[in-house]
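Engineer: Take a look at start.cif, mmCIF, C-alpha atoms:
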data_query
loop_
_atom_site.label_atom_id
_atom_site.label_comp_id
_atom_site.auth_asym_id
_atom_site.auth_seq_id
_atom_site.Cartn_x
_atom_site.Cartn_y
_atom_site.Cartn_z
CA MET P 1 0.00 0.00 0.00
CA LEU P 2 1.42 3.36 -1.00
CA ALA P 3 2.10 5.87 1.78
CA PHE P 4 1.55 8.86 -0.48
CA LEU P 5 -0.56 10.27 -3.31
CA ASN P 6 0.57 10.51 -6.91
CA TYR P 7 0.45 13.86 -8.65
CA PRO P 8 -2.29 13.57 -11.32
CA ASP P 9 -0.49 12.69 -14.54
CA TRP P 10 -3.32 14.20 -16.61
CA LEU P 11 -2.61 17.68 -15.24
CA LYS P 12 -0.49 19.75 -17.63
CA PRO P 13 0.63 23.40 -17.33
CA GLU P 14 -0.71 23.99 -20.85
CA VAL P 15 -4.49 24.19 -21.25
CA PHE P 16 -4.23 22.04 -24.39
CA GLY P 17 -1.56 19.76 -22.93
CA PHE P 18 -3.82 16.74 -23.43
CA LEU P 19 -3.25 17.12 -27.18
CA ASN P 20 0.49 16.40 -26.77
CA LEU P 21 1.40 19.24 -29.11
CA PRO P 22 5.04 19.65 -30.21
CA PRO P 23 7.26 22.22 -28.41
CA GLY P 24 6.82 25.71 -29.81
CA HIS P 25 3.21 25.19 -30.90
CA PHE P 26 1.28 28.44 -30.51
CA LEU P 27 -1.43 26.81 -28.39
CA ASN P 28 1.16 25.98 -25.73
CA VAL P 29 1.24 29.69 -24.89
CA ILE P 30 -2.20 29.30 -23.27
CA ARG P 31 -1.48 28.04 -19.75
CA TRP P 32 -3.60 27.30 -16.72
CA TYR P 33 -1.44 29.55 -14.54
CA GLY P 34 -2.27 32.59 -16.64
CA LEU P 35 -5.95 31.65 -16.74
CA MET P 36 -5.95 31.28 -12.95
CA TYR P 37 -4.76 34.90 -12.70
CA ILE P 38 -7.67 35.98 -14.90
CA VAL P 39 -10.12 33.98 -12.77
CA ALA P 40 -8.63 35.40 -9.55
CA ILE P 41 -8.84 39.01 -10.74
CA SER P 42 -12.38 38.48 -12.06
CA ILE P 43 -13.60 37.07 -8.74
CA ALA P 44 -12.01 39.95 -6.80
CA TYR P 45 -13.57 42.45 -9.20
CA PHE P 46 -17.12 41.07 -8.94
CA LEU P 47 -16.89 40.86 -5.15
CA SER P 48 -15.75 44.49 -5.09
CA MET P 49 -18.73 45.44 -7.23
CA TYR P 50 -21.01 43.65 -4.76
CA LEU P 51 -19.55 45.63 -1.86
CA LEU P 52 -19.93 48.83 -3.83
CA LYS P 53 -23.66 48.15 -4.25
CA THR P 54 -24.40 46.94 -0.74
CA GLU P 55 -22.31 49.32 1.37
CA LYS P 56 -22.01 53.10 1.54
CA PHE P 57 -18.85 54.79 0.26
CA GLU P 58 -18.45 58.54 -0.04
CA THR P 59 -15.69 58.76 -2.64
CA LEU P 60 -16.19 55.55 -4.63
CA ASN P 61 -18.41 54.58 -7.53
CA ARG P 62 -18.29 51.94 -10.25
CA LYS P 63 -16.19 54.03 -12.65
CA VAL P 64 -13.61 54.78 -9.96
CA VAL P 65 -13.29 51.10 -9.02
CA ASP P 66 -13.20 50.02 -12.67
CA ASP P 67 -10.32 52.41 -13.34
CA TYR P 68 -8.56 51.34 -10.17
CA TYR P 69 -8.57 47.66 -11.14
CA PHE P 70 -6.68 48.49 -14.32
CA TRP P 71 -3.99 50.26 -12.29
CA ALA P 72 -3.93 47.48 -9.69
CA VAL P 73 -3.51 44.69 -12.26
CA ILE P 74 -0.57 46.51 -13.84
CA GLY P 75 1.01 46.98 -10.42
CA LEU P 76 0.35 43.34 -9.53
CA ILE P 77 1.92 41.85 -12.64
CA PHE P 78 4.98 44.09 -12.74
CA GLY P 79 5.53 43.96 -8.98
CA ALA P 80 5.11 40.19 -8.69
CA ARG P 81 7.32 39.41 -11.66
CA ILE P 82 10.15 41.91 -11.08
CA PHE P 83 10.30 41.24 -7.33
CA SER P 84 10.42 37.47 -7.90
CA CYS P 85 13.19 37.68 -10.47
CA ILE P 86 15.33 40.06 -8.41
CA ILE P 87 14.86 38.54 -4.95
CA TYR P 88 14.58 34.85 -5.75
CA ASP P 89 16.63 34.36 -8.93
CA PHE P 90 18.83 37.41 -9.40
CA PRO P 91 21.95 35.56 -10.75
CA TYR P 92 20.00 34.20 -13.73
CA TYR P 93 17.92 37.27 -14.58
CA SER P 94 20.86 39.64 -14.17
CA VAL P 95 22.30 37.86 -17.22
CA HIS P 96 18.94 37.45 -18.99
CA PRO P 97 17.03 40.64 -18.05
CA LEU P 98 14.70 40.53 -21.09
CA GLU P 99 13.19 37.25 -19.85
CA ILE P 100 11.71 39.09 -16.86
CA LEU P 101 8.94 40.49 -19.05
CA PHE P 102 9.45 38.38 -22.21
CA PRO P 103 9.69 34.74 -20.99
CA PHE P 104 11.05 33.08 -24.11
CA ARG P 105 14.06 30.74 -24.11
CA GLU P 106 15.57 29.47 -27.32
CA GLY P 107 12.45 30.64 -29.14
CA HIS P 108 10.03 28.79 -26.83
CA PHE P 109 7.54 30.39 -24.44
CA VAL P 110 8.34 29.20 -20.90
CA GLY P 111 5.70 31.22 -19.03
CA PHE P 112 5.77 33.55 -16.05
CA GLN P 113 6.65 30.83 -13.57
CA GLY P 114 8.20 33.26 -11.12
CA MET P 115 5.56 35.52 -9.51
CA SER P 116 6.05 36.74 -5.94
CA PHE P 117 3.03 37.48 -3.72
CA HIS P 118 4.98 40.01 -1.67
CA GLY P 119 6.18 41.72 -4.85
CA GLY P 120 2.63 41.77 -6.19
CA ALA P 121 1.40 43.29 -2.92
CA PHE P 122 4.04 45.99 -3.13
CA GLY P 123 3.18 46.66 -6.78
CA ILE P 124 -0.52 47.05 -5.95
CA PHE P 125 0.31 49.31 -2.99
CA LEU P 126 2.46 51.56 -5.16
CA ALA P 127 -0.18 51.67 -7.90
CA SER P 128 -2.82 52.49 -5.27
CA LEU P 129 -0.83 55.41 -3.89
CA ILE P 130 -0.44 56.87 -7.36
CA TYR P 131 -4.11 56.29 -8.16
CA ILE P 132 -5.55 57.93 -5.03
CA LYS P 133 -3.23 60.89 -5.55
CA VAL P 134 -4.40 61.39 -9.12
CA LYS P 135 -8.10 60.60 -8.60
CA LYS P 136 -8.48 62.14 -5.11
CA VAL P 137 -10.00 58.94 -3.69
CA ASN P 138 -10.23 58.02 -0.01
CA PHE P 139 -7.59 55.33 0.45
CA ARG P 140 -9.32 53.77 3.45
CA GLU P 141 -12.57 53.32 1.56
CA LEU P 142 -10.67 51.79 -1.34
CA CYS P 143 -9.07 49.30 1.07
CA ASP P 144 -12.48 48.26 2.40
CA VAL P 145 -13.67 47.53 -1.14
CA ILE P 146 -10.56 45.71 -2.33
CA PHE P 147 -9.11 43.67 0.56
CA PRO P 148 -12.19 41.59 1.44
CA SER P 149 -12.31 40.55 -2.22
CA ILE P 150 -8.73 39.36 -2.59
CA PRO P 151 -8.47 36.03 -0.71
CA LEU P 152 -11.07 34.03 -2.63
CA GLY P 153 -9.47 34.99 -5.93
CA TYR P 154 -6.02 34.24 -4.53
CA THR P 155 -7.09 30.63 -4.01
CA PHE P 156 -7.02 30.13 -7.78
CA GLY P 157 -3.51 31.56 -8.01
CA ARG P 158 -2.23 28.79 -5.75
CA LEU P 159 -4.17 26.21 -7.74
CA GLY P 160 -2.23 27.51 -10.74
CA ASN P 161 1.02 26.77 -8.87
CA PHE P 162 -0.24 23.24 -8.19
CA ILE P 163 -1.07 22.66 -11.85
CA ASN P 164 2.41 23.90 -12.76
CA GLY P 165 3.87 21.36 -10.32
CA GLU P 166 5.88 24.17 -8.70
CA LEU P 167 6.27 25.52 -5.17
CA TYR P 168 5.77 22.02 -3.78
CA GLY P 169 6.44 21.19 -0.14
CA ARG P 170 9.17 19.53 1.85
CA ILE P 171 9.78 15.78 1.71
CA THR P 172 7.48 13.81 3.99
CA SER P 173 6.38 10.30 4.91
CA SER P 174 2.86 11.55 5.69
CA PRO P 175 -0.04 9.75 3.96
CA ILE P 176 -1.12 13.12 2.55
CA GLY P 177 2.28 13.58 0.96
CA MET P 178 2.28 13.73 -2.83
CA PHE P 179 4.79 12.49 -5.37
CA PHE P 180 5.66 15.29 -7.84
CA PRO P 181 7.44 13.73 -10.85
CA ASP P 182 9.52 16.85 -11.59
CA ALA P 183 10.49 17.68 -8.00
CA GLN P 184 14.14 18.07 -7.11
CA LYS P 185 15.98 14.82 -6.39
CA LEU P 186 17.96 14.77 -3.12
CA PRO P 187 21.04 12.73 -2.06
CA ILE P 188 19.95 9.52 -0.30
CA LYS P 189 22.89 9.71 2.11
CA PHE P 190 21.56 12.78 3.93
CA PRO P 191 19.88 11.91 7.28
CA GLU P 192 16.68 13.83 6.53
CA VAL P 193 16.28 11.96 3.25
CA SER P 194 17.19 8.57 4.71
CA LYS P 195 14.59 8.99 7.44
CA VAL P 196 11.77 9.56 4.96
CA ILE P 197 12.92 6.60 2.85
CA ASN P 198 12.83 4.33 5.92
CA ASP P 199 9.48 5.71 7.11
CA ILE P 200 7.73 4.96 3.81
CA GLY P 201 9.39 1.55 3.58
CA TRP P 202 11.29 1.97 0.33
CA LYS P 203 14.29 -0.28 -0.39
CA ILE P 204 17.04 1.06 -2.65
CA ASN P 205 19.48 -1.03 -4.65
CA GLU P 206 22.12 1.43 -5.82
CA LEU P 207 23.91 -1.20 -7.86
CA ASN P 208 20.86 -1.94 -10.00
CA GLN P 209 19.45 1.55 -9.59
CA THR P 210 16.07 0.22 -8.48
CA VAL P 211 13.60 1.23 -5.80
CA VAL P 212 11.05 -1.17 -4.28
CA ASP P 213 8.20 -0.16 -1.98
CA GLY P 214 6.99 -2.05 1.10
CA ALA P 215 4.59 -4.14 -1.01
CA GLY P 216 7.37 -5.27 -3.35
CA ASN P 217 6.39 -3.00 -6.24
CA ILE P 218 9.16 -1.46 -8.33
CA ILE P 219 9.00 2.37 -8.44
CA ASN P 220 10.44 3.76 -11.64
CA ASN P 221 12.12 7.06 -12.51
CA VAL P 222 12.81 8.23 -8.96
CA LEU P 223 16.59 7.83 -8.82
CA GLY P 224 19.25 10.10 -10.27
CA LYS P 225 22.87 11.11 -9.90
CA MET P 226 24.66 14.27 -8.88
CA THR P 227 28.20 15.24 -8.00
CA ILE P 228 29.02 16.50 -4.52
CA SER P 229 32.59 17.52 -3.72
CA GLY P 230 33.85 15.55 -6.71
CA GLU P 231 31.97 12.39 -5.70
CA GLU P 232 29.03 11.02 -7.67
CA VAL P 233 26.13 10.23 -5.35
CA THR P 234 22.69 8.71 -5.82
CA THR P 235 19.70 11.03 -5.55
CA ILE P 236 16.02 10.28 -5.14
CA ASN P 237 12.68 11.97 -5.68
CA LEU P 238 10.47 11.56 -2.59
CA PRO P 239 6.85 12.40 -1.67
CA ARG P 240 6.32 16.00 -0.60
CA HIS P 241 3.68 18.08 1.10
CA PRO P 242 1.27 19.52 -1.51
CA SER P 243 1.86 22.94 0.06
CA GLN P 244 0.23 24.77 -2.85
CA LEU P 245 -3.09 23.27 -1.73
CA TYR P 246 -2.39 24.18 1.90
CA GLU P 247 -1.84 27.77 0.81
CA ALA P 248 -4.96 27.78 -1.36
CA PHE P 249 -6.97 26.68 1.68
CA PHE P 250 -5.46 28.78 4.48
CA GLU P 251 -4.35 31.90 2.59
CA GLY P 252 -7.38 31.77 0.33
CA ILE P 253 -10.57 30.16 1.61
CA VAL P 254 -10.01 30.47 5.37
CA LEU P 255 -8.71 34.02 5.10
CA PHE P 256 -11.66 34.98 2.89
CA PHE P 257 -14.13 33.94 5.59
CA ILE P 258 -12.16 35.84 8.24
CA VAL P 259 -11.93 39.10 6.27
CA TRP P 260 -15.33 38.93 4.57
CA PHE P 261 -17.53 37.79 7.47
CA LEU P 262 -15.59 39.09 10.49
CA GLY P 263 -13.23 41.90 9.54
CA ARG P 264 -15.74 43.56 7.22
CA LYS P 265 -18.71 43.16 9.56
CA TYR P 266 -17.04 44.29 12.77
CA LYS P 267 -14.56 46.84 11.43
CA PRO P 268 -14.06 49.62 14.03
CA PHE P 269 -12.78 52.15 11.49
CA LYS P 270 -12.36 52.68 7.76
CA GLY P 271 -9.56 50.64 6.22
CA PHE P 272 -9.54 48.07 9.02
CA THR P 273 -9.93 45.16 6.58
CA ALA P 274 -6.54 45.98 5.04
CA SER P 275 -4.75 45.21 8.31
CA VAL P 276 -6.89 42.11 8.91
CA TYR P 277 -6.02 40.73 5.50
CA LEU P 278 -2.31 41.54 5.63
CA VAL P 279 -1.83 40.11 9.13
CA GLY P 280 -4.00 37.09 8.32
CA TYR P 281 -2.10 36.33 5.12
CA ALA P 282 1.27 36.76 6.79
CA LEU P 283 0.40 34.41 9.66
CA ALA P 284 -0.99 31.79 7.28
CA ARG P 285 2.10 32.07 5.06
CA ILE P 286 4.48 31.77 8.02
CA PHE P 287 2.64 28.61 9.11
CA VAL P 288 2.50 26.97 5.68
CA GLU P 289 6.17 27.76 5.00
CA PHE P 290 7.08 25.11 7.59
CA PHE P 291 5.65 22.56 5.12
CA ARG P 292 6.65 24.28 1.88
CA GLN P 293 10.06 23.68 0.33
CA PRO P 294 11.97 26.95 0.84
CA ASP P 295 13.41 28.37 -2.34
CA SER P 296 16.13 26.09 -3.70
CA GLN P 297 18.33 28.99 -4.83
CA PHE P 298 19.04 29.72 -1.16
CA ALA P 299 19.94 26.09 -0.43
CA ASN P 300 23.35 24.45 -0.79
CA ILE P 301 23.06 20.70 -1.25
CA GLU P 302 26.82 20.24 -1.51
CA GLN P 303 27.09 21.48 2.06
CA GLY P 304 24.11 19.41 3.20
CA LYS P 305 21.72 22.38 3.28
CA LEU P 306 18.60 20.95 1.67
CA THR P 307 16.26 23.81 2.51
CA GLY P 308 16.85 27.45 1.61
CA PHE P 309 16.67 29.06 5.03
CA ILE P 310 17.82 32.68 5.30
CA VAL P 311 17.97 33.32 9.06
CA SER P 312 18.05 30.33 11.44
CA PHE P 313 15.15 28.10 10.26
CA PHE P 314 13.18 30.94 8.67
CA SER P 315 12.71 31.17 4.91
CA MET P 316 12.60 34.28 2.74
CA GLY P 317 8.81 34.01 2.55
CA GLN P 318 8.56 33.98 6.36
CA ILE P 319 10.90 36.93 6.78
CA LEU P 320 8.92 38.97 4.26
CA SER P 321 5.72 37.95 6.05
CA PHE P 322 7.09 39.15 9.40
CA LEU P 323 7.80 42.51 7.77
CA MET P 324 4.28 42.48 6.35
CA ILE P 325 2.84 42.09 9.86
CA LEU P 326 4.79 45.12 11.07
CA PHE P 327 3.60 47.13 8.09
CA ALA P 328 -0.02 46.03 8.65
CA ILE P 329 0.08 47.03 12.32
CA GLY P 330 1.55 50.43 11.42
CA LEU P 331 -1.06 50.89 8.71
CA GLY P 332 -3.82 49.99 11.17
CA PHE P 333 -2.64 52.57 13.69
CA TYR P 334 -2.42 55.19 10.94
CA PHE P 335 -5.97 54.46 9.74
CA TYR P 336 -7.21 54.52 13.35
CA LYS P 337 -5.66 57.95 13.88
CA LEU P 338 -7.34 59.20 10.70
CA SER P 339 -10.68 57.89 11.96
CA LEU P 340 -10.23 59.87 15.19
CA ASP P 341 -9.46 62.96 13.12
CA ASP P 342 -12.68 62.34 11.16
CA LYS P 343 -14.68 62.36 14.40
CA LEU P 344 -13.00 65.53 15.66
CA LYS P 345 -13.33 67.41 12.39
CA PRO P 346 -17.11 68.17 12.64
CA LYS P 347 -16.62 69.44 16.21
CA ILE P 348 -13.78 71.73 15.17
CA GLU P 349 -15.79 73.02 12.20
CA THR P 350 -18.79 73.67 14.47
CA LYS P 351 -16.70 75.64 16.95
CA THR P 352 -15.14 77.66 14.13
CA LYS P 353 -18.57 78.39 12.67
CA ASN P 354 -19.93 79.51 16.09
CA LYS P 355 -16.98 81.89 16.56
CA LYS P 356 -17.62 83.45 13.17
CA ASN P 357 -21.31 83.90 13.96
CA LYS P 358 -20.42 85.76 17.16
#
Let me see the file written as structure tokens.
Structural biologist:
Amino acid sequence: MLAFLNYPDWLKPEVFGFLNLPPGHFLNVIRWYGLMYIVAISIAYFLSMYLLKTEKFETLNRKVVDDYYFWAVIGLIFGARIFSCIIYDFPYYSVHPLEILFPFREGHFVGFQGMSFHGGAFGIFLASLIYIKVKKVNFRELCDVIFPSIPLGYTFGRLGNFINGELYGRITSSPIGMFFPDAQKLPIKFPEVSKVINDIGWKINELNQTVVDGAGNIINNVLGKMTISGEEVTTINLPRHPSQLYEAFFEGIVLFFIVWFLGRKYKPFKGFTASVYLVGYALARIFVEFFRQPDSQFANIEQGKLTGFIVSFFSMGQILSFLMILFAIGLGFYFYKLSLDDKLKPKIETKTKNKKNK
């Protein structure tokens, strides 16, 4: 009996992948990941329209929100892509800068496989600041229309990662672990790897390059070779946490219910949902990162460092999420102060008016 799930072999990054088209075919440009972005943005937009109709906003209307979404999408795409390429894969993109916005290699479209949430958030924030300055819109009201709408759409972004077979989790012997065919193979001699192999009951014959599970079944295409310190060692592909699905659930569905039904309903001041979302996302991301495989570019397998930790056992995603929490708290205090000013303003205007009448 297998101690893990197999990644569905019928899932392909290309929408028309089931046709087995040759490399370079124009239909291969149409990918599920890109469509998931369209679905995510569409869901967020329609939810924002619903809020616009059902709640009272002084400076917002449909045209304002329509225009804003155009700005936000531009900020999202540029921010997510540029941030990802610079922070997570700078050595490659410093040599191939055109691929940041034109992802073609050797004449083939490879897709925007590097998109950073934190970069996208920064891009949207920057676009928002420019927009409210130009259009004279109340930023806090804009936050209360946009942030409750984001999480449900974000769920589909993570499903896009799953379909791409990317951003998978750490190796595990858990029954909910999943075998990703294209995941990175790891040296079998490392203790962390050996433990998982023993836990799932696999037997490895390095001489014959075969792997047999506990039921005696031969498992094909899981072994490989790599050179470490001049020595060729055997590597293996093991089951991993399907962390993309964890993120879709916690950072998407769960967070949607928190922001939409709690943060929006009980908000003590304008803009409160922005802080609820940012803190909620950051906490969920910090939690899930303990199951997700930290970025391989920060790892060093030759030195036995299988996971790309940055500080102690914290990944880049967790560090950025900690910073997001600090920003969200500061933003919440700022919005709270503005709400106090809003309450004092009518009193000050009344006193000024009374003095003039005297």
Engineer: Please list as a list in words every residue within 9 Å of P:Lys189, counting all atoms listed in the file and excluding residues in the same chain fewer than 6 positions away.
Structural biologist: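 Contacts, with the query itself left out: Val233, Thr234 and Thr235 of chain P.
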Engineer: Could the residues of stretch 56-142 of chain P that have an atom at most 8 Å from stretch 267-273 of chain P be listed as JSON lines, each with its closest atom pair and the distance in Å to one decimal, counting only C-alpha atoms and ordered by chain and ascending residue number?
Structural biologist:
{"residue": "P:Phe139", "atom": "CA", "partner": "P:Gly271", "partner_atom": "CA", "distance": 7.7}
{"residue": "P:Arg140", "atom": "CA", "partner": "P:Gly271", "partner_atom": "CA", "distance": 4.2}
{"residue": "P:Glu141", "atom": "CA", "partner": "P:Gly271", "partner_atom": "CA", "distance": 6.2}
{"residue": "P:Leu142", "atom": "CA", "partner": "P:Gly271", "partner_atom": "CA", "distance": 7.7}
Engineer: Pick out the closest residue to P:Phe256 from this set: P:Asn6, P:Ser128, P:Asn138, P:Thr155. Count only C-alpha atoms.
Structural biologist: P:Thr155
Engineer: Find the residues around P:Gln209 up to 8 Å (all atoms listed in the file counted), leave out those fewer than 4 positions away in its own chain, and share them as a list in words.
Structural biologist: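 Contacts, with the query itself left out: Ile204, Asn205 and Leu223 of chain P.
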Engineer: In Å, with one decimal, what is the gap from atom CA of P:Leu21 to atom CA of P:Ile236?
Structural biologist: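 Here the two named atoms are 29.5 Å from each other.
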Engineer: Hey, can you check how far atom CA of P:Phe291 sits from atom CA of P:Leu245?
Structural biologist: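 So the two atoms, atom CA of P:Phe291 and atom CA of P:Leu245, lie 11.1 Å apart.
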Engineer: Between P:Gly79, P:Gly17, P:Pro187, P:Gly157, single out the one closest to P:Met226, counting only C-alpha atoms.
Structural biologist: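 Going through P:Gly79, P:Gly17, P:Pro187, P:Gly157 one by one, the smallest distance to P:Met226 is for P:Pro187.
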Engineer: Enter the distance from atom CA of P:Tyr266 to atom CA of P:Leu76, in Å, rounded to one decimal.
Structural biologist: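 Interatomic distance, atom CA of P:Tyr266 to atom CA of P:Leu76: 28.3 Å.
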Engineer: Find, counting all atoms listed in the file, the residue in P:Glu251, P:Asp199, P:Asp182, P:Glu206 that gets nearest to P:Asn221.
Structural biologist: P:Asp182
Engineer: Given only C-alpha atoms as the basis, pick out the residue of P:Gly332, P:Pro22, P:Pro151, P:Gly230 nearest to P:Gly280.
Structural biologist: P:Pro151
Engineer: List the neighbours of P:Ala40 out to 6 Å using only C-alpha atoms; skip same-chain residues closer than 2 positions along the sequence, and give me the result as a PyMOL selection string.
Structural biologist: chain P and resi 36-38+42-43+153-154+156
Engineer: Once the PyMOL selection byres ((chain P and resi 100) around 12) has been evaluated on this model, what residues remain selected, and can you format them as a VMD selection string?
Structural biologist: chain P and resid 77 to 86 89 to 90 92 to 99 101 to 105 110 to 115
Engineer: Around (-3.3, 21.5, -22.3) in the file's frame, which residues reach within 12 Å when counting only C-alpha atoms? Return as a ChimeraX atom specification?
Structural biologist: /P:10-22,25-33,35,163-164
Engineer: Name the residues that the PyMOL selection byres ((chain P and resi 52) around 12) pulls out of this structure, and write them as a PDB file with C-alpha atoms, in the coordinates of the input.
Structural biologist:
ATOM      1  CA  TYR P  45     -13.570  42.450  -9.200  1.00  0.00           C
ATOM      2  CA  PHE P  46     -17.120  41.070  -8.940  1.00  0.00           C
ATOM      3  CA  LEU P  47     -16.890  40.860  -5.150  1.00  0.00           C
ATOM      4  CA  SER P  48     -15.750  44.490  -5.090  1.00  0.00           C
ATOM      5  CA  MET P  49     -18.730  45.440  -7.230  1.00  0.00           C
ATOM      6  CA  TYR P  50     -21.010  43.650  -4.760  1.00  0.00           C
ATOM      7  CA  LEU P  51     -19.550  45.630  -1.860  1.00  0.00           C
ATOM      8  CA  LYS P  53     -23.660  48.150  -4.250  1.00  0.00           C
ATOM      9  CA  THR P  54     -24.400  46.940  -0.740  1.00  0.00           C
ATOM     10  CA  GLU P  55     -22.310  49.320   1.370  1.00  0.00           C
ATOM     11  CA  LYS P  56     -22.010  53.100   1.540  1.00  0.00           C
ATOM     12  CA  PHE P  57     -18.850  54.790   0.260  1.00  0.00           C
ATOM     13  CA  GLU P  58     -18.450  58.540  -0.040  1.00  0.00           C
ATOM     14  CA  THR P  59     -15.690  58.760  -2.640  1.00  0.00           C
ATOM     15  CA  LEU P  60     -16.190  55.550  -4.630  1.00  0.00           C
ATOM     16  CA  ASN P  61     -18.410  54.580  -7.530  1.00  0.00           C
ATOM     17  CA  ARG P  62     -18.290  51.940 -10.250  1.00  0.00           C
ATOM     18  CA  LYS P  63     -16.190  54.030 -12.650  1.00  0.00           C
ATOM     19  CA  VAL P  64     -13.610  54.780  -9.960  1.00  0.00           C
ATOM     20  CA  VAL P  65     -13.290  51.100  -9.020  1.00  0.00           C
ATOM     21  CA  ASP P  66     -13.200  50.020 -12.670  1.00  0.00           C
ATOM     22  CA  GLU P 141     -12.570  53.320   1.560  1.00  0.00           C
ATOM     23  CA  LEU P 142     -10.670  51.790  -1.340  1.00  0.00           C
ATOM     24  CA  CYS P 143      -9.070  49.300   1.070  1.00  0.00           C
ATOM     25  CA  ASP P 144     -12.480  48.260   2.400  1.00  0.00           C
ATOM     26  CA  VAL P 145     -13.670  47.530  -1.140  1.00  0.00           C
ATOM     27  CA  ILE P 146     -10.560  45.710  -2.330  1.00  0.00           C
ATOM     28  CA  PRO P 148     -12.190  41.590   1.440  1.00  0.00           C
ATOM     29  CA  SER P 149     -12.310  40.550  -2.220  1.00  0.00           C
TER      30      SER P 149
END
Engineer: Pick the closest to P:Val134 from P:Phe147, P:Tyr88, P:Phe180, P:Trp71: which is it, counting all atoms listed in the file?
Structural biologist: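 Of P:Phe147, P:Tyr88, P:Phe180, P:Trp71, the one nearest P:Val134, counting all atoms listed in the file, is P:Trp71.
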Engineer: Nearest to P:Gly34: which of P:Ile325, P:Ala183, P:Leu159, P:Ile176 is it, counting all atoms listed in the file?
Structural biologist: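 Between P:Ile325, P:Ala183, P:Leu159, P:Ile176, the residue approaching P:Gly34 most closely is P:Leu159.
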Engineer: Hey, what's within 12 Å of P:Leu320 if we count only C-alpha atoms and toss same-chain stuff fewer than 3 positions away? As a PyMOL selection string, please?
Structural biologist: chain P and resi 83+87+116-119+121-122+278-279+281-283+285-286+289+310-311+314-317+323-327
Engineer: Would you output that residue set with C-alpha atoms, as a PDB file, keeping the file's coordinate frame?
Structural biologist:
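That gives us out.pdb:
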ATOM      1  CA  PHE P  83      10.300  41.240  -7.330  1.00  0.00           C
ATOM      2  CA  ILE P  87      14.860  38.540  -4.950  1.00  0.00           C
ATOM      3  CA  SER P 116       6.050  36.740  -5.940  1.00  0.00           C
ATOM      4  CA  PHE P 117       3.030  37.480  -3.720  1.00  0.00           C
ATOM      5  CA  HIS P 118       4.980  40.010  -1.670  1.00  0.00           C
ATOM      6  CA  GLY P 119       6.180  41.720  -4.850  1.00  0.00           C
ATOM      7  CA  ALA P 121       1.400  43.290  -2.920  1.00  0.00           C
ATOM      8  CA  PHE P 122       4.040  45.990  -3.130  1.00  0.00           C
ATOM      9  CA  LEU P 278      -2.310  41.540   5.630  1.00  0.00           C
ATOM     10  CA  VAL P 279      -1.830  40.110   9.130  1.00  0.00           C
ATOM     11  CA  TYR P 281      -2.100  36.330   5.120  1.00  0.00           C
ATOM     12  CA  ALA P 282       1.270  36.760   6.790  1.00  0.00           C
ATOM     13  CA  LEU P 283       0.400  34.410   9.660  1.00  0.00           C
ATOM     14  CA  ARG P 285       2.100  32.070   5.060  1.00  0.00           C
ATOM     15  CA  ILE P 286       4.480  31.770   8.020  1.00  0.00           C
ATOM     16  CA  GLU P 289       6.170  27.760   5.000  1.00  0.00           C
ATOM     17  CA  ILE P 310      17.820  32.680   5.300  1.00  0.00           C
ATOM     18  CA  VAL P 311      17.970  33.320   9.060  1.00  0.00           C
ATOM     19  CA  PHE P 314      13.180  30.940   8.670  1.00  0.00           C
ATOM     20  CA  SER P 315      12.710  31.170   4.910  1.00  0.00           C
ATOM     21  CA  MET P 316      12.600  34.280   2.740  1.00  0.00           C
ATOM     22  CA  GLY P 317       8.810  34.010   2.550  1.00  0.00           C
ATOM     23  CA  LEU P 323       7.800  42.510   7.770  1.00  0.00           C
ATOM     24  CA  MET P 324       4.280  42.480   6.350  1.00  0.00           C
ATOM     25  CA  ILE P 325       2.840  42.090   9.860  1.00  0.00           C
ATOM     26  CA  LEU P 326       4.790  45.120  11.070  1.00  0.00           C
ATOM     27  CA  PHE P 327       3.600  47.130   8.090  1.00  0.00           C
TER      28      PHE P 327
END
Engineer: With the PyMOL selection byres ((chain P and resi 190-195) around 9) as the selection, what would be picked from this file? Answer as a PyMOL selection string, please.
Structural biologist: chain P and resi 171+173+186-189+196-200+236+238+304+306
Engineer: Box time for stretch 319-332 of chain P: axis-aligned, enclosing all its listed atoms, 3 Å extra on each side; report centre and edge lengths in Å to one decimal, as JSON.
Structural biologist:
{"center_x": 3.5, "center_y": 43.9, "center_z": 8.3, "size_x": 20.7, "size_y": 20.0, "size_z": 14.1}
